[in-house]
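Coordinates from final07.txt are shown below (compact mmCIF, C-alpha atoms).
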# COMPACT_ATOMS: atom_id res chain seq x y z
CA MET A 1 -13.02 9.36 13.25
CA LYS A 2 -15.02 6.62 14.95
CA SER A 3 -13.85 5.24 18.26
CA GLY A 4 -14.60 1.79 16.84
CA ASP A 5 -11.60 2.15 14.53
CA GLN A 6 -9.34 2.74 17.48
CA SER A 7 -10.66 -0.29 19.30
CA ALA A 8 -10.02 -2.34 16.17
CA MET A 9 -6.45 -1.13 16.37
CA ALA A 10 -6.31 -2.19 20.03
CA GLU A 11 -7.48 -5.63 19.00
CA LEU A 12 -4.81 -5.92 16.33
CA TYR A 13 -2.24 -4.86 18.89
CA ASP A 14 -3.42 -7.47 21.39
CA ARG A 15 -3.25 -10.15 18.77
CA TYR A 16 0.09 -9.36 17.16
CA SER A 17 2.18 -7.23 19.51
CA SER A 18 4.01 -10.18 21.04
CA VAL A 19 5.17 -11.40 17.61
CA VAL A 20 6.30 -7.93 16.60
CA TYR A 21 8.08 -7.26 19.88
CA ALA A 22 9.77 -10.66 19.93
CA VAL A 23 11.16 -10.22 16.42
CA ALA A 24 12.31 -6.67 17.11
CA LEU A 25 13.98 -7.73 20.35
CA ARG A 26 15.69 -10.70 18.71
CA VAL A 27 17.21 -8.42 16.08
CA LEU A 28 18.02 -5.42 18.25
CA GLY A 29 18.76 -7.06 21.61
CA ASP A 30 17.59 -3.91 23.34
CA THR A 31 14.16 -3.57 24.94
CA GLY A 32 13.91 0.19 24.42
CA ALA A 33 14.79 -0.03 20.75
CA ALA A 34 12.45 -2.99 20.33
CA GLU A 35 9.62 -1.02 21.89
CA ASP A 36 10.26 1.83 19.47
CA VAL A 37 10.05 -0.51 16.50
CA LEU A 38 6.85 -1.97 17.96
CA GLN A 39 5.30 1.53 18.05
CA GLU A 40 6.55 2.36 14.59
CA VAL A 41 5.14 -0.78 12.99
CA PHE A 42 1.67 -0.42 14.47
CA LEU A 43 1.48 3.32 13.83
CA GLN A 44 2.44 2.67 10.22
CA LEU A 45 -0.33 0.13 9.93
CA TRP A 46 -2.78 2.61 11.47
CA ARG A 47 -1.82 5.32 9.02
CA ASN A 48 -1.61 3.02 6.04
CA PRO A 49 -4.13 0.22 6.35
CA GLY A 50 -4.22 -0.23 2.61
CA ALA A 51 -0.60 -1.32 2.61
CA PHE A 52 -1.51 -4.86 3.67
CA ASP A 53 -3.24 -6.85 0.96
CA ALA A 54 -5.58 -9.12 2.92
CA ALA A 55 -6.26 -11.28 -0.11
CA ARG A 56 -2.63 -12.36 -0.27
CA GLY A 57 -1.97 -13.88 3.11
CA SER A 58 -1.62 -13.64 6.84
CA LEU A 59 -1.33 -10.34 8.65
CA GLY A 60 0.88 -11.95 11.26
CA ALA A 61 3.42 -13.06 8.66
CA TRP A 62 3.33 -9.67 6.97
CA LEU A 63 3.85 -7.87 10.29
CA ALA A 64 6.71 -10.22 11.16
CA VAL A 65 8.48 -9.41 7.89
CA ILE A 66 7.89 -5.66 8.16
CA THR A 67 9.14 -5.70 11.75
CA ARG A 68 12.24 -7.69 10.90
CA ASN A 69 13.06 -5.33 8.02
CA ARG A 70 12.56 -2.20 10.14
CA ALA A 71 14.56 -3.64 13.00
CA ILE A 72 17.44 -4.55 10.66
CA ASP A 73 17.35 -1.03 9.24
CA ALA A 74 17.55 0.35 12.77
CA LEU A 75 20.34 -2.09 13.66
CA ARG A 76 22.38 -1.08 10.67
CA ARG A 77 21.39 2.57 10.95
CA ARG A 78 19.90 2.68 7.51
CA ARG A 79 17.00 4.65 6.16
CA PRO A 80 14.06 2.27 5.69
CA GLU A 81 14.82 0.40 2.50
CA THR A 82 11.43 -0.24 1.05
CA ASP A 83 7.95 1.19 1.16
CA ILE A 84 5.87 -1.23 3.19
CA GLU A 85 3.41 -1.35 0.32
CA ASP A 86 6.01 -3.08 -1.81
CA VAL A 87 6.20 -6.00 0.56
CA ILE A 88 4.00 -8.93 -0.34
CA VAL A 89 4.42 -12.07 1.72
CA SER A 90 2.93 -15.43 0.76
CA VAL A 91 2.84 -17.97 3.55
CA ALA A 92 1.74 -21.57 3.09
CA PRO A 93 0.46 -22.48 6.56
CA ASP A 94 -2.68 -20.91 7.94
CA LEU A 95 -1.42 -18.68 10.74
CA ALA A 96 -4.63 -16.98 11.74
CA GLY A 97 -4.92 -18.37 15.22
CA GLU A 98 -2.64 -18.30 18.23
CA ALA A 99 -2.60 -22.10 18.29
CA ASP A 100 -1.67 -22.32 14.61
CA ARG A 101 1.18 -19.88 15.14
CA SER A 102 2.46 -21.82 18.15
CA ARG A 103 2.44 -25.05 16.21
CA ALA A 104 4.17 -23.42 13.23
CA ALA A 105 6.77 -21.89 15.51
CA GLU A 106 7.52 -25.28 17.08
CA LYS A 107 7.88 -26.86 13.67
CA VAL A 108 10.27 -24.11 12.54
CA ARG A 109 12.40 -24.56 15.63
CA GLY A 110 12.50 -28.27 14.86
CA VAL A 111 13.65 -27.62 11.29
CA MET A 112 16.29 -25.16 12.44
CA GLY A 113 17.49 -27.59 15.08
CA SER A 114 18.01 -30.38 12.60
CA MET A 115 19.70 -28.18 10.00
CA PRO A 116 23.48 -28.50 9.61
CA ALA A 117 25.03 -25.93 11.94
CA PRO A 118 26.81 -23.88 9.21
CA GLN A 119 23.53 -23.61 7.29
CA ARG A 120 21.56 -22.59 10.36
CA SER A 121 24.10 -20.00 11.35
CA ALA A 122 24.31 -18.50 7.83
CA LEU A 123 20.54 -18.21 7.71
CA GLU A 124 20.36 -16.67 11.17
CA MET A 125 23.11 -14.17 10.39
CA ALA A 126 21.31 -13.13 7.24
CA TYR A 127 17.88 -13.05 8.80
CA PHE A 128 18.40 -11.67 12.29
CA GLU A 129 21.49 -9.58 11.72
CA GLY A 130 20.83 -8.51 8.15
CA MET A 131 24.34 -9.53 7.12
CA SER A 132 25.05 -9.73 3.40
CA HIS A 133 26.50 -12.93 1.99
CA SER A 134 29.87 -11.25 1.57
CA GLU A 135 29.89 -10.18 5.22
CA ILE A 136 29.01 -13.74 6.25
CA ALA A 137 31.68 -15.13 3.93
CA ASN A 138 34.26 -12.83 5.48
CA LYS A 139 33.20 -13.80 8.97
CA THR A 140 33.16 -17.55 8.37
CA GLY A 141 35.97 -17.75 5.85
CA GLU A 142 33.70 -19.67 3.47
CA PRO A 143 33.33 -18.95 -0.26
CA LEU A 144 30.62 -16.51 -1.40
CA GLY A 145 28.85 -19.15 -3.49
CA THR A 146 28.65 -21.53 -0.53
CA ILE A 147 27.03 -18.89 1.65
CA LYS A 148 24.48 -17.99 -1.01
CA THR A 149 23.55 -21.64 -1.42
CA ARG A 150 23.23 -22.19 2.32
CA ILE A 151 20.87 -19.27 2.75
CA ARG A 152 18.63 -20.35 -0.08
CA SER A 153 18.66 -24.00 1.00
CA GLY A 154 17.81 -22.94 4.53
CA LEU A 155 14.74 -21.04 3.36
CA MET A 156 13.70 -23.94 1.12
CA ALA A 157 14.01 -26.34 4.07
CA LEU A 158 11.58 -24.19 6.02
CA ARG A 159 9.23 -24.10 3.07
CA LYS A 160 9.35 -27.87 2.60
CA ALA A 161 8.46 -28.48 6.23
CA PHE A 162 5.10 -26.87 5.62
CA GLN A 163 4.31 -28.35 2.26
CA GLY A 164 2.20 -31.44 1.68
CA MET B 1 12.15 -22.48 -12.42
CA SER B 2 14.72 -23.72 -14.93
CA GLY B 3 15.19 -20.48 -16.86
CA HIS B 4 15.69 -18.57 -13.66
CA GLU B 5 18.21 -20.75 -11.82
CA GLN B 6 20.76 -17.98 -12.15
CA PHE B 7 18.47 -15.77 -10.10
CA ALA B 8 17.28 -18.35 -7.59
CA GLU B 9 19.92 -17.67 -4.97
CA ASP B 10 19.92 -13.91 -5.49
CA LEU B 11 16.15 -13.96 -5.04
CA ALA B 12 16.62 -15.51 -1.61
CA LEU B 13 19.07 -12.79 -0.62
CA TYR B 14 16.80 -10.12 -2.06
CA ALA B 15 13.91 -11.51 -0.04
CA LEU B 16 16.02 -10.88 3.05
CA ASN B 17 16.96 -7.37 1.87
CA THR B 18 20.65 -8.31 1.82
CA LEU B 19 21.37 -8.28 -1.91
CA GLU B 20 23.48 -5.31 -2.91
CA GLY B 21 25.14 -3.47 -5.78
CA GLU B 22 25.17 -4.80 -9.29
CA ASP B 23 23.60 -8.15 -8.37
CA ARG B 24 20.66 -6.27 -6.92
CA ALA B 25 20.30 -3.94 -9.89
CA ASN B 26 20.34 -6.89 -12.29
CA LEU B 27 17.76 -8.77 -10.27
CA GLU B 28 15.46 -5.77 -9.98
CA GLU B 29 15.65 -5.33 -13.71
CA HIS B 30 14.69 -8.97 -14.16
CA LEU B 31 11.89 -8.78 -11.61
CA ALA B 32 10.31 -5.89 -13.47
CA THR B 33 9.45 -8.27 -16.30
CA CYS B 34 9.21 -11.67 -14.65
CA SER B 35 6.07 -12.50 -12.73
CA ALA B 36 7.28 -16.03 -11.92
CA CYS B 37 10.25 -14.61 -10.06
CA ARG B 38 8.08 -12.01 -8.32
CA LEU B 39 5.89 -14.83 -7.08
CA GLU B 40 8.92 -16.79 -5.91
CA LEU B 41 10.10 -13.66 -4.11
CA GLU B 42 6.82 -13.46 -2.21
CA GLN B 43 7.17 -17.09 -1.22
CA LEU B 44 10.76 -16.60 -0.10
CA ARG B 45 9.66 -13.69 2.05
CA GLY B 46 7.04 -16.03 3.48
CA ASP B 47 9.71 -18.64 4.24
CA GLY B 48 11.66 -15.93 6.06
CA ALA B 49 8.51 -14.91 7.88
CA LEU B 50 8.28 -18.44 9.29
CA LEU B 51 11.65 -17.83 10.87
CA ALA B 52 10.46 -14.54 12.35
CA LEU B 53 7.28 -16.10 13.66
CA SER B 54 9.23 -18.81 15.47
CA VAL B 55 11.06 -16.35 17.69
CA MET B 56 10.27 -16.76 21.33
CA GLY B 57 10.51 -13.82 23.62
CA PRO B 58 9.01 -11.83 26.44
CA LYS B 59 5.78 -9.94 25.90
CA PRO B 60 6.16 -6.21 25.39
CA PRO B 61 5.88 -3.98 28.47
CA GLN B 62 2.32 -3.06 29.41
CA ARG B 63 2.94 0.65 28.93
CA ALA B 64 3.62 0.09 25.21
CA ARG B 65 -0.04 -0.68 24.61
CA GLN B 66 -1.25 2.58 26.08
CA ARG B 67 1.52 4.47 24.37
CA LEU B 68 0.33 3.18 21.01
CA LEU B 69 -3.35 3.82 21.69
CA ASP B 70 -2.55 7.35 22.86
CA ALA B 71 -0.60 7.97 19.65
CA VAL B 72 -3.47 6.57 17.59
CA ALA B 73 -6.04 8.69 19.44
CA LYS B 74 -3.90 11.77 18.96
CA ASP B 75 -3.56 10.99 15.27
CA ALA B 76 -7.30 10.52 14.94
CA ALA B 77 -8.09 13.74 16.79
CA GLN B 78 -5.84 15.77 14.57
CA ALA B 79 -7.51 14.61 11.34
CA PRO B 80 -5.82 17.31 9.32
CA THR B 81 -7.69 18.92 6.42
CA LEU B 82 -6.97 17.45 3.08
CA SER B 83 -4.98 20.32 1.67
CA GLN B 84 -2.84 20.40 4.78
CA LYS B 85 -2.12 16.73 4.52
CA ALA B 86 -1.41 16.96 0.81
CA ARG B 87 1.10 19.72 1.52
CA LYS B 88 2.68 17.84 4.39
CA HIS B 89 3.02 14.58 2.52
CA GLY B 90 3.88 16.03 -0.92
CA PRO B 91 5.60 14.32 -3.81
CA PRO B 92 8.04 12.03 -1.95
CA SER B 93 5.17 9.90 -0.75
CA ALA B 94 3.53 9.81 -4.13
CA ARG B 95 3.30 6.06 -3.89
CA ARG B 96 1.51 6.01 -0.53
CA SER B 97 -1.92 4.47 -0.56
CA TRP B 98 -4.79 6.94 -0.95
CA TRP B 99 -6.20 5.63 2.32
CA SER B 100 -3.60 7.65 4.19
CA VAL B 101 -4.84 10.84 2.60
CA LEU B 102 -8.48 10.27 3.45
CA GLY B 103 -7.60 9.01 6.87
CA TRP B 104 -8.49 5.79 8.60
CA ALA B 105 -11.91 5.28 7.15
CA ALA B 106 -12.50 1.67 8.22
CA THR B 107 -12.01 -0.79 11.04
CA ALA B 108 -9.62 -3.73 10.78
CA ALA B 109 -12.46 -5.94 9.59
CA VAL B 110 -13.21 -3.52 6.79
CA ILE B 111 -9.57 -3.59 5.64
CA VAL B 112 -10.25 -7.10 4.45
CA PHE B 113 -13.61 -6.07 3.04
CA ALA B 114 -12.16 -3.12 1.18
CA ALA B 115 -9.44 -5.27 -0.35
CA SER B 116 -12.06 -7.54 -1.86
CA LEU B 117 -14.23 -4.56 -2.82
CA TRP B 118 -11.30 -3.10 -4.73
CA LYS B 119 -11.08 -6.21 -6.86
CA GLU B 120 -14.83 -6.32 -7.27
CA ASN B 121 -14.87 -2.68 -8.26
CA ALA B 122 -12.22 -3.20 -10.93
CA ALA B 123 -14.31 -5.96 -12.49
CA LEU B 124 -17.43 -3.82 -12.15
CA LYS B 125 -15.77 -0.87 -13.83
CA GLN B 126 -14.71 -3.02 -16.73
CA SER B 127 -18.16 -4.42 -17.38
CA LEU B 128 -19.90 -1.12 -16.82
CA ALA B 129 -17.58 0.79 -19.10
CA SER B 130 -19.04 -1.23 -21.94
CA ALA B 131 -22.58 -1.21 -20.53
CA SER B 132 -22.61 2.56 -20.08
CA ALA B 133 -21.94 2.94 -23.77
CA GLN B 134 -25.47 1.64 -24.16
CA ALA B 135 -26.84 4.10 -21.59
CA THR B 136 -30.58 4.13 -21.24
CA GLN B 137 -31.11 7.88 -21.23
CA SER B 138 -33.99 8.84 -23.42
CA THR B 139 -33.22 10.92 -26.51
CA ARG B 140 -35.16 13.85 -25.07
CA GLU B 141 -33.17 13.87 -21.88
CA LEU B 142 -30.03 13.75 -23.91
CA ASP B 143 -31.14 16.72 -25.96
CA ASP B 144 -31.97 18.64 -22.77
CA LEU B 145 -28.56 17.91 -21.46
CA ARG B 146 -26.89 19.00 -24.67
CA ARG B 147 -28.78 22.25 -24.55
CA ILE B 148 -27.73 22.88 -20.97
CA ALA B 149 -24.17 21.92 -21.66
CA ALA B 150 -23.90 23.97 -24.85
CA PRO B 151 -22.84 27.23 -23.19
CA LEU B 152 -20.15 25.31 -21.38
CA MET B 153 -18.89 23.43 -24.38
CA ALA B 154 -19.10 26.01 -27.14
CA PRO B 155 -15.72 27.61 -27.82
CA GLU B 156 -17.35 30.94 -28.59
CA ALA B 157 -19.13 31.10 -25.23
CA GLN B 158 -17.93 33.87 -23.03
CA ARG B 159 -16.38 32.61 -19.81
CA VAL B 160 -16.32 34.74 -16.75
CA THR B 161 -15.08 33.70 -13.35
CA LEU B 162 -16.11 35.91 -10.49
CA VAL B 163 -13.86 36.16 -7.48
CA ALA B 164 -13.97 38.31 -4.34
CA MET B 165 -12.48 41.75 -4.85
CA LYS B 166 -8.74 42.03 -4.34
CA THR B 167 -8.13 38.30 -4.36
CA PRO B 168 -6.06 36.50 -6.96
CA PRO B 169 -7.93 33.82 -8.94
CA GLN B 170 -7.76 30.39 -7.32
CA PRO B 171 -8.19 27.03 -9.00
CA GLN B 172 -11.81 26.10 -8.63
CA GLY B 173 -13.95 23.23 -9.68
CA LYS B 174 -17.62 22.50 -9.39
CA ALA B 175 -19.20 19.12 -9.88
CA PHE B 176 -22.90 18.58 -10.44
CA TYR B 177 -23.78 14.96 -10.00
CA LEU B 178 -27.09 13.21 -10.49
CA ARG B 179 -26.63 9.83 -8.91
CA ASN B 180 -29.82 8.20 -10.18
CA ARG B 181 -28.85 9.04 -13.75
CA SER B 182 -25.11 8.57 -13.28
CA SER B 183 -24.91 12.01 -14.81
CA LEU B 184 -21.98 14.24 -14.04
CA LEU B 185 -21.12 17.75 -15.10
CA PHE B 186 -17.84 19.19 -13.95
CA VAL B 187 -16.60 22.73 -14.57
CA ALA B 188 -13.17 24.07 -13.62
CA ASN B 189 -11.60 27.51 -13.63
CA ASN B 190 -8.09 28.86 -13.13
CA MET B 191 -6.52 25.43 -13.34
CA PRO B 192 -2.76 25.58 -13.66
CA ALA B 193 -1.45 24.42 -17.03
CA LEU B 194 0.18 21.00 -17.16
CA PRO B 195 3.23 19.66 -18.98
CA SER B 196 2.41 18.20 -22.38
CA GLN B 197 2.02 14.53 -21.46
CA LYS B 198 0.02 15.13 -18.35
CA ALA B 199 -3.65 15.71 -17.75
CA TYR B 200 -5.98 16.14 -14.80
CA GLU B 201 -8.13 13.22 -13.82
CA LEU B 202 -11.41 13.61 -11.96
CA TRP B 203 -12.37 10.93 -9.43
CA LEU B 204 -15.64 10.04 -7.80
CA ILE B 205 -14.93 8.89 -4.26
CA PRO B 206 -17.66 6.43 -3.28
CA MET B 207 -18.92 5.82 0.25
CA GLN B 208 -16.89 2.60 0.29
CA GLY B 209 -14.21 1.26 -1.96
CA ALA B 210 -11.72 2.64 -4.41
CA PRO B 211 -11.95 6.01 -6.20
CA ILE B 212 -13.66 5.74 -9.58
CA PRO B 213 -12.25 7.48 -12.67
CA ALA B 214 -14.66 10.22 -13.74
CA GLY B 215 -13.01 11.79 -16.74
CA MET B 216 -9.81 13.39 -17.96
CA PHE B 217 -9.36 17.06 -18.78
CA LYS B 218 -6.76 19.59 -19.73
CA PRO B 219 -7.35 23.28 -19.07
CA ASP B 220 -7.52 25.65 -22.02
CA ALA B 221 -5.37 28.77 -22.29
CA HIS B 222 -7.55 30.46 -19.66
CA GLY B 223 -7.34 27.59 -17.22
CA SER B 224 -10.92 26.47 -17.87
CA ALA B 225 -12.13 22.95 -18.49
CA THR B 226 -15.29 20.91 -18.50
CA VAL B 227 -16.13 17.25 -18.17
CA VAL B 228 -19.57 16.16 -19.30
CA ASN B 229 -21.10 12.79 -18.54
CA PRO B 230 -18.12 10.50 -18.31
CA PRO B 231 -19.06 6.81 -18.08
CA LEU B 232 -19.81 5.99 -14.46
CA PRO B 233 -21.15 2.88 -12.68
CA ALA B 234 -24.90 3.17 -12.08
CA GLY B 235 -26.21 4.74 -8.90
CA MET B 236 -22.85 5.38 -7.26
CA GLU B 237 -23.26 7.46 -4.13
CA ALA B 238 -20.48 10.03 -4.02
CA LYS B 239 -18.81 10.88 -0.75
CA ALA B 240 -16.50 13.33 -2.50
CA PHE B 241 -14.88 14.25 -5.78
CA ALA B 242 -11.15 14.68 -6.23
CA ILE B 243 -8.60 15.63 -8.87
CA THR B 244 -5.13 14.22 -9.45
CA VAL B 245 -2.49 14.75 -12.11
CA GLU B 246 -1.94 11.69 -14.32
CA ASN B 247 -0.37 10.76 -17.62
CA GLU B 248 -2.54 11.70 -20.58
CA ALA B 249 -3.78 8.14 -21.02
CA GLY B 250 -5.28 8.31 -17.54
CA ALA B 251 -4.94 6.01 -14.56
CA THR B 252 -7.23 3.48 -12.93
CA THR B 253 -6.03 4.39 -9.46
CA PRO B 254 -5.15 7.90 -8.35
CA THR B 255 -1.54 8.99 -8.22
CA MET B 256 -0.83 11.03 -5.12
CA PRO B 257 -1.03 13.87 -4.30
CA ILE B 258 -4.66 14.82 -4.62
CA VAL B 259 -4.58 18.39 -5.96
CA MET B 260 -8.22 19.31 -5.40
CA MET B 261 -11.08 17.76 -3.54
CA GLY B 262 -14.55 18.60 -2.37
CA THR B 263 -17.52 17.09 -0.63
CA GLY B 264 -21.19 17.94 -1.11
CA GLU B 265 -22.60 21.29 -0.13
As a first step, turn the structure in this file into structure tokens.
Amino acid sequence: MKSGDQSAMAELYDRYSSVVYAVALRVLGDTGAAEDVLQEVFLQLWRNPGAFDAARGSLGAWLAVITRNRAIDALRRRRPETDIEDVIVSVAPDLAGEADRSRAAEKVRGVMGSMPAPQRSALEMAYFEGMSHSEIANKTGEPLGTIKTRIRSGLMALRKAFQG
Amino acid sequence: MSGHEQFAEDLALYALNTLEGEDRANLEEHLATCSACRLELEQLRGDGALLALSVMGPKPPQRARQRLLDAVAKDAAQAPTLSQKARKHGPPSARRSWWSVLGWAATAAVIVFAASLWKENAALKQSLASASAQATQSTRELDDLRRIAAPLMAPEAQRVTLVAMKTPPQPQGKAFYLRNRSSLLFVANNMPALPSQKAYELWLIPMQGAPIPAGMFKPDAHGSATVVNPPLPAGMEAKAFAITVENEAGATTPTMPIVMMGTGE
């Protein structure tokens, strides 16, 4: 096992650990639990480098999705739902660099800010709390169909902001 | 996406892992046959990823970095033997990538390289499978080979496997590989029998890139089998050979676990 491989891992950590930690902390609200998810995600990547298909998109986006999923599983005390190899993430903007990610993040916050409040909150409940549409419907008193539509429209609004 | 409007909203929920019950089962059934929806699913996950990437927050504590690197170093130092790892990670992880069995064999940069090599290799295999049918071995060499292989192939040949005294027979395989002629002879003994639709598949593990199929075989009543000159890409340097259990038709990528493996003597 070459020490070069381990330093490559260190580099990946330096580049992506803040994204992973931030997502985990946002979902779990607990620094200890977030740190555990951070460890878990990077160790999984170390043990399973073939799980990420480099030809399909950005490692940062993939890590963000894996982290969010693992954190939700931890939040809801579930066994991990999917094999990380099943997760393919296609992202339109180029998110390779720190600057690109910052710009993208700003744009997303702009989109979320200008979204109608019920749509934003449905999307956030689904994304950061892993709530199902029925749970959201119960909480908000809105019909199931409305919640489903809001979540999808919210995601499409994000997509549109980066198209063209 | 007109034909799939009914699934459009469920796809969004599925992308966020929040679709449940019958809706989920129906969608998964649809996804199995619909590549357009699978593509949309990837894009929806990407849209969600944008949300994740926009989260602001504190940097992780400094100690977390060392904690990870210590865990990685420990993992690397352990480098368990293959049979140990195969036992430890048995059938439940059958869908894990083969990388995890061979260990971290590349740096982060090579992850990208290997992904493109995999695709290249698949194309190479396809074109060479037809090219190898027109192999350029001379007739005389072929005759030599047939003569050498005859005792192995002939049903009436007597087969004897010698084992150390007082030990039960163990599955054993020996591969003889001539890289410059892409010539492979493989002989196995004491192989456990397989269920009727299964067969063993031999793999050539190259120095870089994906394992290459190197022939299918089923053991006879005595557990013996041979593979002679399967089609192989020219001049492949072999780091190792391995055996997996596959469906009779064979597979283009190995199904875990690896049941036998060996490197050169």
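Minimum atom-to-atom distance to Arg101 (chain A), evaluated using only C-alpha atoms, belongs to A:Ser58 out of A:Phe52, A:Ser58, A:Leu38, A:Gly130.
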Leaving out Ile212 (chain B) and any residue of its chain fewer than 3 positions from it, which residues lie within 10 Å of it when counting all atoms listed in the file, given as number ranges by chain? B: 121-122, 125, 202-206, 209, 215, 232-233, 236, 238, 241-242, 252-254
Determine the nearest neighbour of Phe42 (chain A) from the options B:Ala25, B:Ala49, B:Leu19, B:Ala71, counting only C-alpha atoms.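 The answer is B:Ala71, which sits nearest to Phe42 (chain A).
Shortest atom-to-atom contact with Leu16 (chain B) among B:Ala188, B:Gln62, B:Leu44, B:Glu29: B:Leu44, counting all atoms listed in the file.
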Using only C-alpha atoms for the distances, tell me which of B:Arg45, B:Arg38, B:Arg63, B:His222 is nearest to chain A.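 The answer is B:Arg45, which sits nearest to chain A.
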Using all atoms listed in the file, which residues sit within 9 Å of region 65-78 of chain A once same-chain residues fewer than 4 positions away are excluded, as a PyMOL selection string? (chain A and resi 20-21+23-25+27-28+33-34+37-38+40-41+60-61+82+84+87+89+127-130) or (chain B and resi 16-17+45-46+48-49+52-53)
